[in-house]
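Chemist: One structure coming up, written as structure tokens, with questions to follow.
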Amino acid sequence: MAKLYAGTSGWAYPQWKPEFYPAKLAPAKFLGYYSSRLNSVELNYTFRRFPTEKLLAGWIATTPADFKFAVKAHQNITHVKRLKDAEEWTSRFLAALGPLHEAGKLGPVLFQLPPFLRCDLPRLSDFLAQLPRGARVAFEFRHESWFTGEVFDVLRAANAALCQAESEKLETPNVQTADFTYFRLRKQS
């Protein structure tokens with residue numbers, strides 16, 4: 001049976017007191033409290049920095065065994081290299097996530113592409129080909145030119161998820177391209 005992982009983009013939000021976190025809870029205890037109520041979190045920290053082993057070890061120790069960390073790919077891969085000639089950066093980034101993988105806590109890696117990047121099927125195909133076999137990855141395309149049958153077929157062939165992202169400006173087609181689905185529901189309600 002499929003398992004639903006639900007979480008937010010990050011957990012270190014003091015403004016969530018007292019509605020979510022108890023009023024007197026120290027920030028160092030936020031992740032432990034968070035992970036007692038939700039079973040996943042998306043790391044946006046990794047968009048700007050590679051996590052250290054020490055940092056990951058602390059997160060691993062603080063969360064339950066079945067907790068998952070979805071990880072946003074580093075900006076040098078998605079926004080600087082824009083998936084092209086990014087093998088070295090991608091390899092280093094995935095290696096940095098090794099402790100999460102070894103602990104069974106690594107969820108999908110989200111490649112959120114910049115809104116100005118138009119569809120480039122060869123670029124996507126080449127990038128997917130250099131990923132390790134079995135890597136759980138999702139792609140959030142923020143330009144409508146990516147929403148084509150050819151792109152969906154390339155994602156399917158790699159078991160890469162089309163991220164179902166909410167946006168005021170763009171509607172992602174509800175298309176299944178992997179054996180899992182990645183939703184980013186970020187509109188204010």
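We label chains A, B, ... in the order they appear in the structure tokens, count residues from 1 in each chain, and number ligands from 1 in the order shown.
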Run DSSP on the backbone and grab whatever in range 94-123 of chain A lands in strand (DSSP E or B); send it over as a list in words.
Modeler: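 Filtering range 94-123 of chain A down to strand (DSSP E or B) leaves Leu106, Gly107, Pro108, Val109, Leu110, Phe111 and Gln112 of chain A.
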Chemist: Now that the selection is made, can you save its residues with C-alpha atoms as a tab-separated table (two decimals), in the first residue's frame?
Modeler:
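As written to disk, result-v9.tsv reads:
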```tsv
chain	number	residue	atom	x	y	z
A	106	LEU	CA	16.01	10.62	2.11
A	107	GLY	CA	12.82	11.46	0.27
A	108	PRO	CA	12.70	12.81	-3.27
A	109	VAL	CA	15.17	15.39	-4.51
A	110	LEU	CA	13.27	18.31	-6.04
A	111	PHE	CA	14.79	20.03	-9.06
A	112	GLN	CA	12.90	23.34	-9.17
```
Chemist: As a short mmCIF file (atom, residue, chain, number, x, y, z; two decimals) with N, CA and C atoms, in the first residue's frame, please: the residues near Pro173 in chain A (cut-off 9 Å, only C-alpha atoms, same-chain neighbours under 3 positions excluded).
Modeler:
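As written to disk, result_35.cif reads:
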```
data_model
loop_
_atom_site.label_atom_id
_atom_site.label_comp_id
_atom_site.auth_asym_id
_atom_site.auth_seq_id
_atom_site.Cartn_x
_atom_site.Cartn_y
_atom_site.Cartn_z
N PHE A 147 5.35 21.56 -20.38
CA PHE A 147 4.19 20.69 -20.20
C PHE A 147 3.77 20.08 -21.53
N LEU A 162 6.72 14.47 -12.09
CA LEU A 162 6.35 15.84 -12.43
C LEU A 162 5.75 16.43 -11.16
N GLN A 164 3.61 18.44 -8.85
CA GLN A 164 2.31 19.09 -8.94
C GLN A 164 2.34 20.32 -8.05
#
```
Chemist: So which bits of range 6-71 of chain A end up alpha helix (DSSP H) when you DSSP the backbone, as a list in words?
Modeler: Phe30, Leu31, Gly32, Tyr33, Tyr34, Ser35, Glu53, Lys54, Leu55, Leu56, Ala57, Gly58, Trp59, Ile60, Ala61 and Thr62 of chain A
Chemist: Could those selected residues go to a file with N, CA and C atoms, as a compact mmCIF listing (two decimals), in the first residue's frame?
Modeler:
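Final output, saved to again_5.txt:
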```
# COMPACT_ATOMS: atom_id res chain seq x y z
N PHE A 30 12.39 22.46 17.85
CA PHE A 30 11.35 22.54 16.84
C PHE A 30 11.25 21.28 15.98
N LEU A 31 12.37 20.79 15.45
CA LEU A 31 12.32 19.64 14.55
C LEU A 31 11.77 18.41 15.24
N GLY A 32 12.17 18.16 16.48
CA GLY A 32 11.65 17.02 17.22
C GLY A 32 10.14 17.11 17.40
N TYR A 33 9.66 18.28 17.76
CA TYR A 33 8.23 18.49 17.92
C TYR A 33 7.51 18.34 16.58
N TYR A 34 8.05 19.01 15.56
CA TYR A 34 7.48 18.95 14.21
C TYR A 34 7.34 17.50 13.76
N SER A 35 8.41 16.72 13.92
CA SER A 35 8.41 15.34 13.42
C SER A 35 7.55 14.40 14.25
N GLU A 53 27.75 16.79 7.33
CA GLU A 53 27.44 15.50 7.97
C GLU A 53 26.93 15.71 9.38
N LYS A 54 27.53 16.66 10.10
CA LYS A 54 27.12 16.93 11.48
C LYS A 54 25.68 17.42 11.54
N LEU A 55 25.32 18.32 10.65
CA LEU A 55 23.96 18.84 10.60
C LEU A 55 22.97 17.71 10.31
N LEU A 56 23.28 16.90 9.29
CA LEU A 56 22.39 15.79 8.94
C LEU A 56 22.29 14.78 10.07
N ALA A 57 23.40 14.50 10.74
CA ALA A 57 23.38 13.55 11.86
C ALA A 57 22.41 14.02 12.94
N GLY A 58 22.42 15.31 13.22
CA GLY A 58 21.49 15.85 14.21
C GLY A 58 20.05 15.71 13.78
N TRP A 59 19.77 16.00 12.52
CA TRP A 59 18.40 15.86 12.01
C TRP A 59 17.96 14.40 12.03
N ILE A 60 18.85 13.51 11.65
CA ILE A 60 18.54 12.08 11.64
C ILE A 60 18.21 11.60 13.05
N ALA A 61 19.03 12.00 14.02
CA ALA A 61 18.83 11.56 15.40
C ALA A 61 17.57 12.13 16.02
N THR A 62 17.13 13.28 15.55
CA THR A 62 15.99 13.98 16.14
C THR A 62 14.65 13.48 15.62
```
Chemist: Report as a ChimeraX atom specification all protein, DNA and RNA residues lying within 7 Å of Ala161 in chain A, evaluated on only C-alpha atoms, omitting residues in the same chain fewer than 6 positions from it.
Modeler: /A:137-139,155,177-178,180-182
Chemist: Would you output that residue set with N, CA and C atoms, as a short mmCIF file (atom, residue, chain, number, x, y, z; two decimals), in the first residue's frame?
Modeler:
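As written to disk, selection_34.cif reads:
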```cif
data_model
loop_
_atom_site.label_atom_id
_atom_site.label_comp_id
_atom_site.auth_asym_id
_atom_site.auth_seq_id
_atom_site.Cartn_x
_atom_site.Cartn_y
_atom_site.Cartn_z
N VAL A 137 13.58 11.40 -7.82
CA VAL A 137 13.68 12.82 -8.16
C VAL A 137 12.34 13.32 -8.68
N ALA A 138 12.13 14.61 -8.48
CA ALA A 138 10.94 15.29 -8.99
C ALA A 138 11.39 16.59 -9.64
N PHE A 139 10.62 17.01 -10.64
CA PHE A 139 10.94 18.24 -11.36
C PHE A 139 9.77 19.20 -11.28
N LEU A 155 10.29 11.90 -18.54
CA LEU A 155 10.20 11.74 -17.08
C LEU A 155 9.77 10.32 -16.72
N THR A 177 4.00 10.67 -13.75
CA THR A 177 5.17 10.25 -14.52
C THR A 177 6.09 9.32 -13.74
N ALA A 178 5.75 9.03 -12.49
CA ALA A 178 6.61 8.19 -11.65
C ALA A 178 5.74 7.32 -10.76
N PHE A 180 5.59 7.61 -7.73
CA PHE A 180 5.23 8.45 -6.58
C PHE A 180 4.82 9.82 -7.13
N THR A 181 4.16 10.59 -6.31
CA THR A 181 3.73 11.93 -6.70
C THR A 181 4.27 12.93 -5.70
N TYR A 182 4.68 14.07 -6.19
CA TYR A 182 5.21 15.13 -5.33
C TYR A 182 4.31 16.35 -5.51
#
```
Chemist: Within 12 Å of Gly149 in chain A, counting only C-alpha atoms, which residues show up once you throw out same-chain ones fewer than 3 positions away? Write them as a list in words, please.
Modeler: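 The filter keeps Cys119, Leu121, Ser145, Trp146, Phe152, Asp153, Val154, Leu155, Arg156, Leu162, Pro173, Val175, Gln176 and Thr177 of chain A.
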